[in-house]
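One structure is given below, encoded as structure tokens.
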Protein chains: 2
Amino acid sequence: MSDLHLGQHISRRFNEELEEVRSKVLHMGGIVEGQLANALRVLVNDESALAKDVVSADSIVNSLEVDIDEECTRIVALRQPAATDLRLVMAVTKTINDLERMGDEAKRIARMSRKDMDGALEDDTRSDLEYLGELVREMLRQVLDAFARTDVDTAILVVKADRKVDKKYKKVVKQLVKQMGKDPQVIPQVMNIIWAVRSLERLADRCQNIAEHIIYMVLGMDVRHIDLDDVLAEIEAMSDEE
Amino acid sequence: MSDLHLGQHISRRFNEELEEVRSKVLHMGGIVEGQLANALRVLVNDESALAKDVVSADSIVNSLEVDIDEECTRIVALRQPAATDLRLVMAVTKTINDLERMGDEAKRIARMSRKDMDGALEDDTRSDLEYLGELVREMLRQVLDAFARTDVDTAILVVKADRKVDKKYKKVVKQLVKQMGKDPQVIPQVMNIIWAVRSLERLADRCQNIAEHIIYMVLGMDVRHIDLDDVLAEIEAMSDEE
């Protein structure tokens, strides 16, 4: 084989490896989506039998994280990726960490709900949880989609959606605190609901993290500590330059 | 300059760069230590004037994270580190993320405490918070020390200490929930204390994460999803092989 052919061969193999990593991340994301969907059904519809599915998926998610992480380190060591490829690998190592933690939060929700919340979960709260849960599911769906299509616009939608979740989260917690005051007998049960809402809010945060990794991956711009409006302005400035 | 000299020169420069990254991480860790110490003084001693120091340190921590992260990506791209060096760089990118989030939690504690907790913070709880805070400070001190000396034994101590924090955390939250039941009028204030305790527990979790990155860095072993006893057994097995 000539050097040129060898070079092409290596670069094709390298691209295949990157594709494999990307598809493993999406596979991992899909499992976490399932965990979240099931955890919400436990929480909102009281389908407690699903809790064990959420828990058992966790070990798959964990080993996928370790697996993908090792693969990324191997790629960096052997393929010495540059520019966009390197940014992809670095973004992946961060994304899988967020996904894994999302799995943990889903587990927490599913477990929490098995404890008795009854007598404390009012209809209004139940629909709030349902609504919040749907928002977070949509964020996760969108952010995985943004990852699959390396699509910054969708990633930005996810960052924006997190603001909506935060607002709703605060409102729900406020209501729950009020409820404890009115009905001190159910305080332990309401606390469990609060922990579940808190987990939902953290799941949304993780989606936002992943969205930021995607923006970094595509644009090479670290947006973690910049205000969203500044990010949008910077992106516009960048496309003006093009 | 001969090729050999050039090679030595590059490798010396590379080592200097790695050293620089390490010392920046320790610098960042030192700032977070300060944030934690101040946040605890706000929480336990009601020295609310310190809250603004915790908040203002946050932007330094944030920009250090971005700075170190960029430096790591640059090193990977230009120096193509292998084996231990690569593991160091990968561990650093994760460690600084944990440190940055610790800064956020410290900020949360400092801000939370400015709200009125008075009339809700009982003496017993205050000493529990003090004790928990000291445990977490010690964990952070130890884990930075373990990082500085790439010392697995100390990192393991940190992982063990996290169990102690978890236990205490659960006990304190239980007490606080009981307190709400007995005295519903102070529920909002007690909730603020609960959020602060929760932040302490999360700070401890982050210390444990960093300890795990150090173990990975030194031994090349991913211990994130292994039980501590299994980790210890594996490490013993490894040193037996040596």
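Identifiers for the structure tokens are assigned positionally: chains receive A, B, ... in sequence, residues are indexed from 1 per chain, and ligands are indexed from 1 in the order shown.
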Please report, as a Markdown table, each residue of chain A lying at most 8 Å from chain B, together with the nearest pair of atoms and the separation in Å rounded to one decimal; use only C-alpha atoms, and order rows by chain and ascending residue number.
```
| residue | atom | partner | partner_atom | distance |
| --- | --- | --- | --- | --- |
| A:Asn62 | CA | B:His225 | CA | 6.5 |
| A:Ser63 | CA | B:His225 | CA | 8.0 |
| A:Val66 | CA | B:Asp222 | CA | 7.0 |
| A:Thr73 | CA | B:Leu86 | CA | 7.7 |
| A:Val76 | CA | B:Val76 | CA | 7.5 |
| A:Ala77 | CA | B:Ala82 | CA | 5.6 |
| A:Gln80 | CA | B:Gln80 | CA | 6.0 |
| A:Pro81 | CA | B:Ala77 | CA | 6.8 |
| A:Ala82 | CA | B:Ala77 | CA | 5.6 |
| A:Ala83 | CA | B:Ala77 | CA | 7.6 |
| A:Leu86 | CA | B:Ala77 | CA | 7.3 |
| A:Arg87 | CA | B:Thr73 | CA | 7.9 |
| A:Met90 | CA | B:Thr73 | CA | 7.8 |
| A:Lys94 | CA | B:Lys94 | CA | 7.8 |
| A:Val177 | CA | B:Pro188 | CA | 6.6 |
| A:Met180 | CA | B:Ile187 | CA | 7.4 |
| A:Gly181 | CA | B:Pro184 | CA | 5.3 |
| A:Pro184 | CA | B:Gly181 | CA | 5.2 |
| A:Gln185 | CA | B:Gly181 | CA | 6.8 |
| A:Ile187 | CA | B:Gly181 | CA | 6.5 |
| A:Pro188 | CA | B:Val177 | CA | 6.6 |
| A:Met191 | CA | B:Val177 | CA | 7.9 |
| A:Asp222 | CA | B:Val66 | CA | 7.0 |
| A:His225 | CA | B:Asn62 | CA | 6.6 |
```
Shell of 6 Å around A:Val159, only C-alpha atoms, local chain residues under 3 positions omitted, as a ChimeraX atom specification
/A:156,162,208
Please provide as a ChimeraX atom specification all residues within 10 Å of stretch 40-48 of chain A, with the sequence filter that same-chain residues fewer than 2 positions apart are discarded (counting only C-alpha atoms).
/A:34-38,50-54,106,109-115,117-118,121,125-130,132-134,137,193,196,200
Print the selection's residues with C-alpha atoms to a file, as a tab-separated table (two decimals), in the first residue's frame.
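Done, and the output landed in again-v1.tsv:
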```
chain	number	residue	atom	x	y	z
A	34	GLY	CA	-36.12	6.06	28.60
A	35	GLN	CA	-35.07	6.39	32.25
A	36	LEU	CA	-36.54	9.87	32.42
A	37	ALA	CA	-39.81	8.83	30.73
A	38	ASN	CA	-40.21	5.91	33.13
A	50	LEU	CA	-41.37	0.92	36.30
A	51	ALA	CA	-38.99	2.11	39.01
A	52	LYS	CA	-36.93	-1.06	38.78
A	53	ASP	CA	-36.43	-0.46	35.02
A	54	VAL	CA	-35.02	2.99	35.74
A	106	ALA	CA	-33.95	9.87	37.05
A	109	ILE	CA	-37.03	10.48	41.05
A	110	ALA	CA	-38.14	6.90	40.49
A	111	ARG	CA	-37.01	5.82	43.95
A	112	MET	CA	-38.36	8.86	45.69
A	113	SER	CA	-41.78	8.24	44.26
A	114	ARG	CA	-42.01	4.78	45.61
A	115	LYS	CA	-42.13	6.26	49.05
A	117	MET	CA	-46.39	10.77	48.52
A	118	ASP	CA	-50.09	10.07	48.74
A	121	LEU	CA	-49.61	15.20	46.05
A	125	THR	CA	-48.96	19.80	41.84
A	126	ARG	CA	-49.39	16.63	39.86
A	127	SER	CA	-50.10	18.63	36.71
A	128	ASP	CA	-47.19	20.96	37.49
A	129	LEU	CA	-44.91	17.91	37.75
A	130	GLU	CA	-46.33	16.57	34.52
A	132	LEU	CA	-42.19	20.26	34.17
A	133	GLY	CA	-41.43	16.67	33.26
A	134	GLU	CA	-42.60	17.24	29.70
A	137	ARG	CA	-38.12	15.50	28.27
A	193	ILE	CA	-42.10	15.84	46.17
A	196	ALA	CA	-38.30	15.11	42.91
A	200	LEU	CA	-36.21	17.65	37.44
```
Could you make a table, as a Markdown table, of the residues of stretch 73-187 of chain A that have an atom within 10 Å of an atom of stretch 4-22 of chain A, each with its nearest atom pair and distance in Å to one decimal, counting only C-alpha atoms, in chain and number order?
```
| residue | atom | partner | partner_atom | distance |
| --- | --- | --- | --- | --- |
| A:Ile75 | CA | A:Glu17 | CA | 7.9 |
| A:Leu78 | CA | A:Phe14 | CA | 9.6 |
| A:Arg79 | CA | A:Phe14 | CA | 7.0 |
| A:Pro81 | CA | A:Phe14 | CA | 9.0 |
| A:Asp85 | CA | A:Leu18 | CA | 8.0 |
| A:Leu88 | CA | A:Leu18 | CA | 8.4 |
| A:Val89 | CA | A:Leu18 | CA | 8.0 |
| A:Val92 | CA | A:Arg22 | CA | 7.8 |
| A:Phe147 | CA | A:Arg22 | CA | 8.4 |
| A:Ala148 | CA | A:Arg22 | CA | 7.5 |
```
Any idea what's packed within 9 Å of B:Val61, counting only C-alpha atoms, ignoring anything in its chain fewer than 3 positions away? Could you give it as a list of chain:residue names?
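Non-adjacent residues within range: B:Met28, B:Gly29, B:Ile31, B:Val32, B:Ala57, B:Asp58, B:Leu64, B:Glu65, B:Val66, B:Leu99, B:Glu100, B:Gly103.
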With distances taken over only C-alpha atoms, which residue among B:Thr84, B:Ser199, B:Asn192, B:Asn209 lies nearest B:Thr150?
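Counting only C-alpha atoms, the residue closest to B:Thr150 is B:Thr84.
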Find the residue from B:Val136, B:Ile60, B:Ala120, B:Val152 that sits nearest to B:Val190; use only C-alpha atoms when measuring.
B:Ala120
